[in-house]
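Structure file data-v4.csv with CSV, C-alpha atoms:
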chain,number,residue,atom,x,y,z
Q,1,MET,CA,-2.9,-31.5,-9.3
Q,2,ASP,CA,-6.2,-30.1,-8.1
Q,3,ASP,CA,-7.9,-26.7,-8.4
Q,4,ILE,CA,-6.1,-25.4,-5.3
Q,5,ASP,CA,-2.7,-26.3,-6.7
Q,6,ARG,CA,-3.6,-24.6,-10.0
Q,7,GLU,CA,-4.7,-21.5,-8.0
Q,8,ILE,CA,-1.5,-21.5,-6.0
Q,9,ILE,CA,0.5,-21.5,-9.3
Q,10,ARG,CA,-1.6,-18.6,-10.6
Q,11,VAL,CA,-1.0,-16.6,-7.4
Q,12,VAL,CA,2.7,-17.3,-7.4
Q,13,GLN,CA,3.0,-16.3,-11.1
Q,14,ARG,CA,1.4,-13.0,-10.3
Q,15,ASP,CA,3.7,-12.4,-7.3
Q,16,VAL,CA,6.6,-14.7,-6.7
Q,17,ARG,CA,7.2,-13.0,-3.4
Q,18,VAL,CA,3.7,-13.5,-2.0
Q,19,SER,CA,3.8,-14.4,1.7
Q,20,TYR,CA,2.5,-17.8,2.9
Q,21,ARG,CA,-0.2,-15.9,4.8
Q,22,ASP,CA,-1.4,-14.1,1.7
Q,23,LEU,CA,-1.1,-17.2,-0.4
Q,24,GLY,CA,-3.2,-19.2,2.0
Q,25,HIS,CA,-5.8,-16.4,2.2
Q,26,ALA,CA,-5.9,-16.3,-1.7
Q,27,VAL,CA,-6.6,-20.0,-2.0
Q,28,GLY,CA,-8.6,-20.7,1.2
Q,29,LEU,CA,-6.0,-22.5,3.2
Q,30,SER,CA,-4.0,-21.8,6.3
Q,31,SER,CA,-0.5,-20.3,5.9
Q,32,ASN,CA,1.1,-23.7,6.8
Q,33,ALA,CA,-1.1,-25.7,4.4
Q,34,ALA,CA,-0.4,-23.2,1.6
Q,35,ALA,CA,3.4,-23.4,2.3
Q,36,GLU,CA,3.3,-27.2,2.2
Q,37,ARG,CA,1.4,-27.3,-1.0
Q,38,LEU,CA,3.8,-24.8,-2.6
Q,39,ARG,CA,6.8,-26.9,-1.4
Q,40,ARG,CA,5.2,-30.0,-3.0
Q,41,LEU,CA,4.6,-28.2,-6.3
Q,42,LEU,CA,8.3,-27.1,-6.3
Q,43,ALA,CA,9.5,-30.6,-5.4
Q,44,ARG,CA,7.5,-32.3,-8.1
Q,45,GLY,CA,8.7,-29.8,-10.7
Q,46,ALA,CA,5.2,-28.6,-11.4
Q,47,LEU,CA,6.4,-25.1,-10.5
Q,48,ARG,CA,9.9,-23.6,-10.7
Q,49,LEU,CA,11.0,-20.2,-9.3
Q,50,LEU,CA,13.7,-18.4,-11.2
Q,51,ALA,CA,15.7,-15.3,-10.4
Q,52,LEU,CA,16.4,-13.1,-13.4
Q,53,ALA,CA,18.5,-10.1,-13.3
Q,54,ASP,CA,16.7,-7.2,-14.9
Q,55,PRO,CA,18.9,-6.1,-17.9
Q,56,GLY,CA,17.3,-2.7,-17.6
Q,57,ALA,CA,18.3,-2.2,-14.0
Q,58,ASP,CA,20.9,0.4,-14.9
Q,59,VAL,CA,18.7,2.0,-17.5
Q,60,ARG,CA,17.8,5.6,-16.9
Q,61,LEU,CA,16.5,6.4,-20.4
Q,62,ARG,CA,14.1,4.4,-22.5
Q,63,VAL,CA,13.3,5.6,-25.9
Q,64,LEU,CA,11.3,4.8,-29.0
Q,65,ILE,CA,13.1,5.6,-32.3
Q,66,ASP,CA,11.2,5.7,-35.6
Q,67,VAL,CA,13.7,4.8,-38.4
Q,68,ARG,CA,13.4,5.4,-42.1
Q,69,LEU,CA,16.0,3.5,-44.2
Q,70,HIS,CA,17.8,4.8,-47.3
Q,71,PRO,CA,16.0,3.3,-50.3
Q,72,ASP,CA,19.0,1.1,-51.2
Q,73,GLN,CA,19.3,-0.3,-47.6
Q,74,SER,CA,18.2,-3.9,-47.3
Q,75,ASP,CA,15.8,-4.8,-44.5
Q,76,ASP,CA,17.7,-8.0,-43.8
Q,77,ASP,CA,21.1,-6.3,-43.5
Q,78,PHE,CA,19.6,-3.6,-41.2
Q,79,GLU,CA,18.0,-6.2,-39.0
Q,80,ALA,CA,21.2,-8.3,-38.8
Q,81,THR,CA,23.0,-5.1,-37.7
Q,82,LEU,CA,20.5,-4.4,-35.0
Q,83,ARG,CA,21.1,-7.7,-33.4
Q,84,ARG,CA,24.6,-6.6,-32.6
Q,85,VAL,CA,23.5,-3.4,-30.9
Q,86,PRO,CA,22.8,-4.2,-27.2
Q,87,ALA,CA,21.0,-1.0,-26.5
Q,88,ILE,CA,18.2,-1.9,-28.9
Q,89,THR,CA,15.8,-4.1,-27.0
Q,90,GLU,CA,13.0,-4.4,-29.6
Q,91,ALA,CA,12.7,-3.8,-33.3
Q,92,ASN,CA,9.4,-3.7,-35.2
Q,93,HIS,CA,9.1,-3.5,-39.0
Q,94,VAL,CA,6.1,-1.2,-39.3
Q,95,THR,CA,3.8,0.5,-41.9
Q,96,GLY,CA,3.6,4.2,-42.4
Q,97,THR,CA,6.1,7.0,-42.9
Q,98,TYR,CA,8.9,5.1,-41.1
Q,99,ASP,CA,10.2,1.6,-41.8
Q,100,TYR,CA,11.0,0.5,-38.2
Q,101,LEU,CA,10.1,1.3,-34.6
Q,102,LEU,CA,12.9,0.6,-32.3
Q,103,ARG,CA,13.0,0.5,-28.5
Q,104,ALA,CA,16.3,1.2,-26.8
Q,105,ASP,CA,17.4,1.2,-23.1
Q,106,LEU,CA,20.2,3.6,-22.4
Q,107,PRO,CA,22.0,5.0,-19.4
Q,108,ASP,CA,21.9,8.7,-20.5
Q,109,ALA,CA,21.4,11.2,-23.2
Q,110,ALA,CA,25.0,11.0,-24.4
Q,111,SER,CA,24.5,7.3,-25.1
Q,112,LEU,CA,21.4,8.2,-27.1
Q,113,ASP,CA,23.4,10.6,-29.2
Q,114,LEU,CA,26.0,7.9,-29.9
Q,115,LEU,CA,23.3,5.4,-30.8
Q,116,LEU,CA,21.6,7.8,-33.3
Q,117,ARG,CA,25.0,8.5,-34.9
Q,118,GLU,CA,25.6,4.8,-35.1
Q,119,LEU,CA,22.3,4.1,-36.7
Q,120,LYS,CA,23.1,6.6,-39.5
Q,121,GLN,CA,26.1,4.5,-40.3
Q,122,TYR,CA,23.8,1.5,-40.9
Q,123,GLY,CA,21.8,3.0,-43.7
Q,124,VAL,CA,19.3,5.0,-41.7
Q,125,ALA,CA,18.1,8.1,-43.6
Q,126,ALA,CA,16.0,9.7,-40.9
Q,127,THR,CA,15.0,9.1,-37.2
Q,128,SER,CA,12.4,10.5,-34.9
Q,129,THR,CA,13.0,9.8,-31.2
Q,130,ARG,CA,10.6,9.9,-28.2
Q,131,VAL,CA,11.6,9.4,-24.6
Q,132,ILE,CA,9.4,7.1,-22.6
Q,133,LEU,CA,8.4,9.0,-19.4
Q,134,ARG,CA,6.7,6.1,-17.7
Q,135,THR,CA,5.2,2.8,-18.6
Q,136,THR,CA,1.5,2.6,-17.6
Q,137,LEU,CA,1.0,-1.1,-18.4
Q,138,PRO,CA,3.3,-3.9,-17.3
Q,139,LEU,CA,5.7,-5.3,-19.9
Q,140,ARG,CA,5.0,-8.9,-20.9

What is this file in structure tokens?
Amino acid sequence: MDDIDREIIRVVQRDVRVSYRDLGHAVGLSSNAAAERLRRLLARGALRLLALADPGADVRLRVLIDVRLHPDQSDDDFEATLRRVPAITEANHVTGTYDYLLRADLPDAASLDLLLRELKQYGVAATSTRVILRTTLPLR
């Protein structure tokens, strides 16, 4: 693998749908030469292209939920419960007024209402919810 191969990999990692023309331009090769190099990288297993379904494709509402647990609620029990709630996509144990910051992906406001009611059954004393209007940096 040479520097051009490594650059092809970097370009494809940034945009898997890059055209051969744009790939060639980015690495200083013709479209055909870039395509051939990409095919060889794929054939050798140095690069794999995967198609992943976006689990959030049907999501219309992304929210951040600050959660404060009841004093007698165990962190371990709460975290185990969260793993069984598909709408919760991220859980962070945090410092400050609240114990956890959760991220949830939901289809609508009614689903958010149900989720908040459900959380209260799991030892949650208080919540504060913020709706994500837009994401300004790409998710990693």

Nearest to Q:Ile65, chosen from Q:Thr81, Q:Ser31, Q:Thr135, Q:Thr89, with only C-alpha atoms counted in the distances: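 Result for the nearest residue to Q:Ile65: Q:Thr89.
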
Straight-line distance linking atom CA of Q:Arg40 with atom CA of Q:Glu7, stated in Å to one decimal: 14.0 Å

Nearest residue to Q:Leu133 from the set Q:Val63, Q:Leu23, Q:Leu41, Q:Ala104 (distances using all atoms listed in the file): Q:Val63

Among the residues Q:Leu114, Q:Ala91, Q:Ala26, Q:Leu106, the one that comes closest to Q:Arg14 [using all atoms listed in the file]: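 Of Q:Leu114, Q:Ala91, Q:Ala26, Q:Leu106, the one nearest Q:Arg14, counting all atoms listed in the file, is Q:Ala26.
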
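If you look at atom CA of Q:Thr127 and atom CA of Q:Asp66, they are 5.3 Å away from each other.
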
Shell around stretch 69-75 of chain Q at 10 Å using all atoms listed in the file, local window under 4 positions removed, as a list in words: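 So, after excluding close chain neighbours, the residues are Glu79, Ala80, Thr81, His93, Tyr98, Asp99, Tyr100, Leu119, Lys120, Tyr122, Gly123, Val124, Ala125, Ala126 and Thr127 of chain Q.
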
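Counting from atom CA of Q:Arg83, the distance to atom CA of Q:Leu137 is 25.9 Å.
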
Spatial neighbours of Q:Asp5, max dist 12 Å, all atoms listed in the file, sep filter under 6 positions, as a PyMOL selection string: chain Q and resi 11-12+23-24+26-29+33-42+44+46-47

Nearest to Q:Ala87, chosen from Q:Val67, Q:Val131, Q:Val18, Q:Leu115, with only C-alpha atoms counted in the distances: Q:Leu115
